[in-house]
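**Student:** Hey, dropping final.cif in here, mmCIF, C-alpha atoms:
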```
data_upload
#
loop_
_atom_site.label_atom_id
_atom_site.label_comp_id
_atom_site.auth_asym_id
_atom_site.auth_seq_id
_atom_site.Cartn_x
_atom_site.Cartn_y
_atom_site.Cartn_z
CA MET N 202 -23.84 -93.88 32.71
CA ILE N 203 -20.84 -95.34 30.86
CA THR N 204 -22.39 -94.33 27.52
CA ASN N 205 -22.83 -90.80 28.88
CA PHE N 206 -19.21 -90.79 29.97
CA ILE N 207 -18.03 -91.87 26.52
CA THR N 208 -20.30 -89.62 24.49
CA MET N 209 -19.93 -86.67 26.89
CA ASN N 210 -23.47 -85.61 25.92
CA GLY N 211 -22.49 -85.15 22.29
CA TYR N 212 -19.09 -83.56 22.91
CA GLY N 213 -17.18 -86.86 23.26
CA LEU N 214 -15.34 -86.56 19.96
CA TYR N 215 -13.89 -83.15 20.85
CA VAL N 216 -13.13 -83.94 24.50
CA TRP N 217 -11.51 -87.34 23.85
CA LEU N 218 -9.62 -86.05 20.84
CA SER N 219 -8.22 -83.15 22.93
CA PHE N 220 -7.09 -85.40 25.77
CA GLY N 221 -5.85 -88.00 23.27
CA VAL N 222 -3.75 -85.48 21.32
CA VAL N 223 -2.20 -84.20 24.56
CA ILE N 224 -1.44 -87.67 25.96
CA ILE N 225 -0.01 -89.01 22.67
CA SER N 226 2.12 -85.89 21.97
CA CYS N 227 3.46 -85.81 25.53
CA SER N 228 4.23 -89.55 25.44
CA VAL N 229 6.08 -89.22 22.11
CA VAL N 230 8.15 -86.29 23.42
CA TYR N 231 8.89 -88.17 26.66
CA ILE N 232 10.04 -91.32 24.82
CA LYS N 233 12.12 -89.29 22.33
CA THR N 234 13.77 -87.26 25.12
CA LYS N 235 14.52 -90.40 27.14
CA LYS N 236 16.00 -92.13 24.07
CA THR N 237 18.25 -89.13 23.35
CA LEU N 238 19.40 -89.05 26.98
CA LYS N 239 20.21 -92.78 26.89
CA LYS N 240 22.03 -92.32 23.57
CA TYR N 241 24.26 -89.60 25.04
CA GLU N 242 24.90 -91.68 28.17
CA GLN N 243 25.96 -94.61 25.97
CA GLU N 244 28.16 -92.35 23.85
CA PHE N 245 29.74 -90.94 27.00
CA LEU N 246 30.48 -94.45 28.27
CA ALA N 247 31.88 -95.46 24.88
CA GLU N 248 34.14 -92.40 24.97
CA LEU N 249 35.25 -93.41 28.46
CA GLN N 250 36.13 -96.89 27.18
CA THR N 251 38.49 -95.42 24.58
CA LEU N 252 40.67 -93.95 27.34
CA THR N 253 43.63 -95.74 28.82
CA LEU N 254 43.19 -97.10 32.34
CA GLU N 255 45.15 -94.20 33.80
CA GLU N 256 43.15 -91.60 31.85
CA LYS N 257 39.92 -93.35 32.81
CA ASN N 258 40.76 -93.33 36.52
CA LYS N 259 41.74 -89.69 36.29
CA ALA N 260 38.51 -88.79 34.50
CA LEU N 261 36.42 -90.72 37.03
CA ARG N 262 38.25 -89.18 39.99
CA SER N 263 37.80 -85.65 38.69
CA SER N 264 34.21 -85.98 37.52
CA LYS N 265 31.31 -86.99 39.74
CA VAL N 266 29.10 -86.82 36.66
CA ALA N 267 31.21 -89.54 34.99
CA GLN N 268 30.97 -91.65 38.17
CA GLN N 269 27.21 -91.17 38.24
CA ILE N 270 26.72 -92.11 34.58
CA LEU N 271 28.86 -95.19 35.08
CA ALA N 272 26.91 -96.14 38.21
CA THR N 273 23.57 -95.63 36.43
CA SER N 274 24.69 -97.79 33.50
CA PHE N 275 25.70 -100.59 35.91
CA LYS N 276 22.26 -100.37 37.58
CA ALA N 277 20.51 -100.45 34.18
CA ASN N 278 22.47 -103.50 33.11
CA MET U 3 27.28 -70.50 47.07
CA PHE U 4 28.62 -70.54 43.50
CA LYS U 5 30.08 -74.01 44.11
CA PHE U 6 26.54 -75.28 44.54
CA PHE U 7 25.79 -74.25 40.93
CA SER U 8 28.62 -76.36 39.50
CA SER U 9 27.55 -78.77 36.74
CA THR U 10 28.31 -81.74 39.05
CA ASN U 11 25.98 -80.52 41.81
CA ILE U 12 23.33 -79.58 39.26
CA TYR U 13 23.65 -83.04 37.68
CA LEU U 14 23.21 -84.80 41.03
CA LEU U 15 20.23 -82.58 41.87
CA ILE U 16 18.67 -83.31 38.46
CA GLU U 17 18.99 -87.07 39.10
CA LYS U 18 17.16 -86.71 42.42
CA LEU U 19 14.45 -84.47 40.95
CA ILE U 20 13.81 -86.83 38.01
CA LYS U 21 13.41 -89.73 40.45
CA PHE U 22 11.08 -87.67 42.65
CA ILE U 23 8.87 -86.53 39.75
CA ASN U 24 8.74 -90.07 38.32
CA SER U 25 7.60 -91.38 41.71
CA ILE U 26 4.64 -88.99 42.08
CA PHE U 27 3.69 -88.20 38.48
CA PHE U 28 1.29 -91.05 37.69
CA LEU U 29 -0.62 -90.66 40.94
CA ILE U 30 -1.20 -86.95 40.29
CA LEU U 31 -2.02 -87.65 36.63
CA VAL U 32 -4.72 -90.17 37.64
CA ILE U 33 -6.15 -87.70 40.20
CA GLY U 34 -6.09 -84.90 37.61
CA LEU U 35 -7.79 -86.99 34.91
CA THR U 36 -10.42 -88.24 37.40
CA PHE U 37 -11.27 -84.67 38.35
CA ALA U 38 -11.17 -83.38 34.78
CA LEU U 39 -13.15 -86.16 33.10
CA ILE U 40 -15.46 -87.45 35.85
CA LEU U 41 -15.80 -85.32 38.98
CA SER U 42 -15.91 -81.78 37.59
CA PRO U 43 -19.38 -80.57 36.56
CA PRO U 44 -20.36 -79.71 32.97
CA ASP U 45 -20.71 -76.02 32.15
CA TYR U 46 -24.27 -74.62 32.09
CA LEU U 47 -23.65 -73.20 28.59
CA GLN U 48 -20.90 -75.33 27.02
CA GLY U 49 -21.87 -78.66 28.57
CA ASP U 50 -19.11 -81.29 28.67
CA ALA U 51 -17.06 -79.44 26.02
CA VAL U 52 -15.74 -77.33 28.92
CA ARG U 53 -13.56 -80.31 29.94
CA ILE U 54 -11.22 -79.36 27.10
CA MET U 55 -10.31 -76.36 29.30
CA TYR U 56 -8.36 -78.72 31.61
CA VAL U 57 -5.81 -79.44 28.90
CA HIS U 58 -6.10 -76.23 26.87
CA VAL U 59 -5.53 -73.64 29.61
CA PRO U 60 -2.48 -75.26 31.31
CA SER U 61 -0.91 -75.79 27.84
CA ALA U 62 -1.37 -72.12 26.95
CA TRP U 63 -0.05 -70.94 30.33
CA ILE U 64 3.09 -73.09 30.09
CA GLY U 65 3.65 -72.02 26.47
CA LEU U 66 3.53 -68.37 27.52
CA ALA U 67 5.51 -68.84 30.74
CA SER U 68 8.29 -70.73 28.94
CA PHE U 69 8.75 -67.93 26.42
CA SER U 70 8.78 -65.34 29.23
CA VAL U 71 11.54 -67.29 31.00
CA ILE U 72 13.46 -67.73 27.73
CA THR U 73 13.29 -63.98 27.05
CA PHE U 74 14.40 -63.09 30.59
CA LEU U 75 17.33 -65.53 30.51
CA SER U 76 18.28 -64.49 26.96
CA VAL U 77 18.60 -60.88 28.07
CA LEU U 78 20.66 -61.91 31.12
CA ASN U 79 22.83 -64.19 28.98
CA PHE U 80 23.32 -61.45 26.39
CA ILE U 81 24.56 -59.07 29.11
CA PHE U 82 26.37 -61.34 31.59
CA LYS U 83 27.35 -64.28 29.32
CA ILE U 84 26.21 -66.97 31.76
CA LYS U 85 26.56 -70.21 29.82
CA ASN U 86 24.05 -72.12 31.96
CA PHE U 87 21.26 -69.85 30.71
CA TYR U 88 22.08 -70.87 27.16
CA PHE U 89 21.56 -74.54 28.05
CA ILE U 90 18.43 -73.79 30.10
CA ASN U 91 16.91 -71.94 27.13
CA LYS U 92 17.93 -74.67 24.71
CA SER U 93 16.22 -77.26 26.94
CA LEU U 94 13.14 -75.12 27.60
CA ALA U 95 12.28 -74.03 24.04
CA PRO U 96 11.02 -77.43 22.76
CA ILE U 97 8.76 -77.73 25.82
CA GLY U 98 7.33 -74.27 25.15
CA LEU U 99 6.78 -75.18 21.50
CA LEU U 100 5.04 -78.44 22.43
CA PHE U 101 2.62 -76.72 24.82
CA THR U 102 1.95 -73.81 22.46
CA CYS U 103 1.06 -76.30 19.69
CA LEU U 104 -1.14 -78.24 22.13
CA ALA U 105 -2.89 -75.01 23.18
CA ILE U 106 -3.61 -74.20 19.51
CA VAL U 107 -4.83 -77.72 18.65
CA THR U 108 -6.99 -78.17 21.76
CA GLY U 109 -8.26 -74.61 21.33
CA SER U 110 -9.32 -75.51 17.81
CA LEU U 111 -11.05 -78.66 19.10
CA TRP U 112 -12.83 -76.52 21.71
CA GLY U 113 -13.70 -73.85 19.14
CA GLN U 114 -15.64 -76.15 16.82
CA PRO U 115 -18.42 -77.13 19.29
CA THR U 116 -18.58 -73.72 21.03
CA TRP U 117 -17.98 -71.17 18.22
CA GLY U 118 -18.91 -73.37 15.28
CA THR U 119 -15.48 -73.06 13.66
CA TRP U 120 -12.10 -74.75 13.99
CA TRP U 121 -10.17 -71.57 13.37
CA ALA U 122 -10.65 -67.82 13.09
CA TRP U 123 -8.04 -65.17 12.35
CA ASP U 124 -8.88 -63.28 15.51
CA ALA U 125 -6.36 -61.55 17.76
CA ARG U 126 -5.89 -64.25 20.43
CA LEU U 127 -5.60 -67.17 18.02
CA THR U 128 -3.36 -65.33 15.58
CA SER U 129 -1.02 -64.07 18.33
CA MET U 130 -0.73 -67.63 19.70
CA LEU U 131 0.13 -68.82 16.20
CA ALA U 132 2.79 -66.08 16.04
CA LEU U 133 4.20 -67.37 19.35
CA MET U 134 4.48 -70.84 17.82
CA PHE U 135 6.49 -69.41 14.91
CA PHE U 136 8.77 -67.51 17.31
CA TYR U 137 9.45 -70.82 19.09
CA ILE U 138 10.19 -72.52 15.75
CA PHE U 139 12.61 -69.75 14.67
CA TYR U 140 14.22 -69.83 18.12
CA ILE U 141 14.78 -73.61 18.00
CA LEU U 142 16.01 -73.42 14.40
CA THR U 143 18.90 -71.16 15.48
CA PHE U 144 20.19 -74.03 17.66
CA LYS U 145 19.66 -76.58 14.89
CA LEU U 146 21.03 -74.64 11.93
CA LEU U 147 23.91 -72.62 13.37
CA ASN U 148 27.15 -74.00 14.77
CA GLU U 149 28.90 -71.03 16.33
CA GLU U 150 27.74 -70.58 19.93
CA GLU U 151 28.27 -66.78 20.05
CA LEU U 152 26.16 -66.35 16.91
CA ILE U 153 23.44 -68.66 18.27
CA ILE U 154 23.26 -66.63 21.49
CA LYS U 155 23.00 -63.35 19.57
CA ILE U 156 20.38 -64.47 17.05
CA SER U 157 18.29 -66.48 19.52
CA SER U 158 18.33 -63.55 21.98
CA VAL U 159 17.10 -61.18 19.26
CA ILE U 160 14.30 -63.63 18.36
CA ALA U 161 13.35 -63.98 22.04
CA ILE U 162 13.30 -60.22 22.60
CA ILE U 163 11.24 -59.53 19.45
CA GLY U 164 8.96 -62.46 20.36
CA SER U 165 8.43 -61.09 23.84
CA ILE U 166 6.55 -58.12 22.33
CA ASN U 167 3.93 -60.69 21.36
CA LEU U 168 3.40 -61.85 24.98
CA PRO U 169 1.37 -58.85 26.22
CA ILE U 170 -0.49 -58.90 22.89
CA ILE U 171 -1.57 -62.50 23.62
CA LYS U 172 -2.51 -61.64 27.21
CA TYR U 173 -4.53 -58.50 26.44
CA SER U 174 -5.81 -59.40 22.95
CA VAL U 175 -9.18 -60.38 24.40
CA GLU U 176 -9.52 -56.94 25.99
CA TRP U 177 -8.03 -54.78 23.21
CA TRP U 178 -9.96 -56.32 20.32
CA ALA U 179 -13.33 -57.95 19.78
CA THR U 180 -12.43 -61.65 19.65
CA LEU U 181 -14.22 -64.97 19.65
CA HIS U 182 -12.05 -66.00 22.59
CA GLN U 183 -13.54 -65.40 26.02
CA PRO U 184 -11.81 -63.02 28.47
CA ALA U 185 -9.69 -64.45 31.29
CA SER U 186 -11.77 -66.25 33.92
CA ILE U 187 -8.87 -66.55 36.36
CA LYS U 188 -7.16 -63.43 37.60
CA ILE U 189 -4.17 -63.20 39.91
CA THR U 190 -5.36 -59.80 41.09
CA GLY U 191 -9.11 -59.40 41.47
CA SER U 192 -11.84 -61.98 41.71
CA SER U 193 -11.96 -64.95 39.34
CA SER U 194 -15.22 -65.82 37.64
CA ILE U 195 -14.57 -69.59 37.57
CA HIS U 196 -16.38 -71.82 40.08
CA SER U 197 -14.23 -73.64 42.64
CA GLU U 198 -15.54 -77.01 41.37
CA MET U 199 -13.81 -76.23 38.07
CA LEU U 200 -10.88 -74.30 39.49
CA LEU U 201 -9.66 -77.27 41.58
CA PRO U 202 -9.42 -79.72 38.63
CA LEU U 203 -7.78 -76.99 36.57
CA MET U 204 -5.12 -76.46 39.25
CA VAL U 205 -4.50 -80.23 39.56
CA MET U 206 -4.12 -80.51 35.78
CA LEU U 207 -1.80 -77.49 35.83
CA LEU U 208 0.32 -79.31 38.41
CA VAL U 209 0.37 -82.42 36.16
CA PHE U 210 1.49 -80.33 33.18
CA LEU U 211 4.10 -78.49 35.25
CA LEU U 212 5.54 -81.77 36.54
CA TYR U 213 5.66 -83.16 33.02
CA ALA U 214 7.33 -79.97 31.72
CA ALA U 215 9.85 -80.11 34.60
CA LEU U 216 10.59 -83.78 33.85
CA ILE U 217 11.26 -83.15 30.15
CA PHE U 218 13.29 -80.04 30.97
CA LEU U 219 15.45 -81.94 33.48
CA MET U 220 16.05 -84.78 31.04
CA LYS U 221 17.01 -82.36 28.27
CA TYR U 222 19.24 -80.36 30.60
CA LYS U 223 20.88 -83.57 31.81
CA THR U 224 21.54 -84.50 28.17
CA GLU U 225 23.24 -81.12 27.68
CA ILE U 226 25.49 -81.67 30.72
CA ILE U 227 26.49 -85.13 29.46
CA ARG U 228 27.19 -83.66 26.00
CA ILE U 229 29.55 -81.08 27.53
CA LYS U 230 31.22 -83.63 29.82
CA LYS U 231 31.73 -85.92 26.81
CA LYS U 232 33.49 -83.10 24.97
CA ASN U 233 35.70 -82.39 27.97
CA ILE U 234 36.45 -85.98 28.99
CA LYS U 235 39.81 -86.15 27.22
CA ARG U 236 40.88 -82.74 28.46
CA ASN U 237 40.67 -83.84 32.14
#
```
Using structure tokens, write down the structure from this file.
**Tutor:**
Amino acid sequence: MITNFITMNGYGLYVWLSFGVVIISCSVVYIKTKKTLKKYEQEFLAELQTLTLEEKNKALRSSKVAQQILATSFKAN
Amino acid sequence: MFKFFSSTNIYLLIEKLIKFINSIFFLILVIGLTFALILSPPDYLQGDAVRIMYVHVPSAWIGLASFSVITFLSVLNFIFKIKNFYFINKSLAPIGLLFTCLAIVTGSLWGQPTWGTWWAWDARLTSMLALMFFYIFYILTFKLLNEEELIIKISSVIAIIGSINLPIIKYSVEWWATLHQPASIKITGSSSIHSEMLLPLMVMLLVFLLYAALIFLMKYKTEIIRIKKKNIKRN
């Protein structure tokens, strides 16, 4: 039964290769997209650090996105 | 109403959606793979090779649907200059390209055991290849050009010209004699696919849609952060 499942009655190579290509490609794209997102979040935080305390408070007060990124980075750390 | 579509609200919504998709994705993926690889029956003619359908068909559908959305939003953006559409298209195009490539590769892997060839220059396959090139040209405009106005103009032209290819892909199997089989699933009219195969196909479509949504949301979130980073000192 397991052999049948692996060989897929002679079509195993094509079936497994198809599913494998899809899973590997999708995983690579997912990892790459996540890395890029993290990179931009880090860059955003680094940019925030360059501001003076007053500018930083102002930026955080006016931008919920900035608050959220900061909160997420605290959670991640 | 318009306040809801502010980048802040969109960002918060994206965060929630990403969390939601992450929480259900693996469960649906396991169900989809179980149906596709174990529970669904082999085809009476193609045997187990038919299982390739569960990755090939959703890939092709998402590849086509993404380009349709891109074309629609490009036209709207060209007329109304809604900047969000520009970012949506920029985030959507790589997903469309990925799934179009996957449809071509898995189609080729399905073609070898069923048609006896990896590739044929027939209407359906060639028009799908053309779609892949339209995606590549579309993405290249974002990569190679710097001026936003110019990117919008050129990418919109590519999307509109590329959209001519969409009905050609859809009806190629009816207009020309092709190796590719005609559509088994029809929105209007009766489908010729058995329910035991239709159910796994729909579950796998859901898996692919969730994955596409996840990547889109992450890319769109990246775009929002990029804009906010630019504007941080102006606040």
**Student:** Could you tell me which residues of chain N sit within 6 Å of chain U when counting all atoms listed in the file, and give me the result as a list in words?
**Tutor:** Met209, Tyr212, Tyr215, Val216, Ser219, Leu238, Phe245, Ala260 and Val266 of chain N
**Student:** I'd like the residues picked by the PyMOL selection byres ((chain N and resi 246) around 12) written out as a ChimeraX atom specification, using the chain letters and numbers from the file.
**Tutor:** /N:239-245,247-252,257,260-261,266-275 /U:227-228,230-231,234
**Student:** When you draw a straight line from atom CA of Ile153 of chain U to atom CA of Leu99 of chain U, how long is it in Å?
**Tutor:**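 For atom CA of Ile153 of chain U relative to atom CA of Leu99 of chain U, the distance reads 18.2 Å.
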**Student:** Just the number, please: distance in Å from atom CA of Leu47 of chain U to atom CA of Gly213 of chain N, one decimal.
**Tutor:** 16.0 Å
**Student:** What is the distance, in Å and to one decimal place, between atom CA of Pro169 of chain U and atom CA of Ala67 of chain U?
**Tutor:** 11.7 Å
**Student:** Under the rule that all atoms listed in the file are counted, which of U:Leu75, U:Leu168, U:Ile195, U:Leu94 is the nearest residue to Trp63 of chain U?
**Tutor:**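 Looking at the shortest contact to Trp63 of chain U, the residue is U:Leu168.
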**Student:** Evaluate the PyMOL selection byres ((chain U and resi 19-29) around 8) and record the selected residues as a list in words, following the chain and residue labels used in the document.
**Tutor:**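 When the PyMOL selection byres ((chain U and resi 19-29) around 8) is applied, the selected residues are Leu15, Ile16, Glu17, Lys18, Ile30, Leu31, Val32, Ile33, Val209, Leu212, Tyr213, Leu216, Leu219 and Met220 of chain U.
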**Student:** U:Met206, U:Phe80, U:Asp45, U:Leu147: which is nearest Phe220 of chain N, counting all atoms listed in the file?
**Tutor:**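 The shortest atom-to-atom distance to Phe220 of chain N comes from U:Met206.
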**Student:** Adding 3 Å on each side of the box along x, y and z that holds all listed atoms of segment 85-89 of chain U, could you give its centre and edge lengths in Å to one decimal, as JSON?
**Tutor:**
```
{"center_x": 23.9, "center_y": -72.2, "center_z": 29.6, "size_x": 11.3, "size_y": 10.7, "size_z": 10.8}
```
**Student:** Name every residue that the PyMOL selection byres ((chain U and resi 161) around 8) selects in this structure, writing the answer as an MDAnalysis selection string with chains first and numbers rising.
**Tutor:** chainID U and resid 69 72:73 76 136 140 157:160 162:165
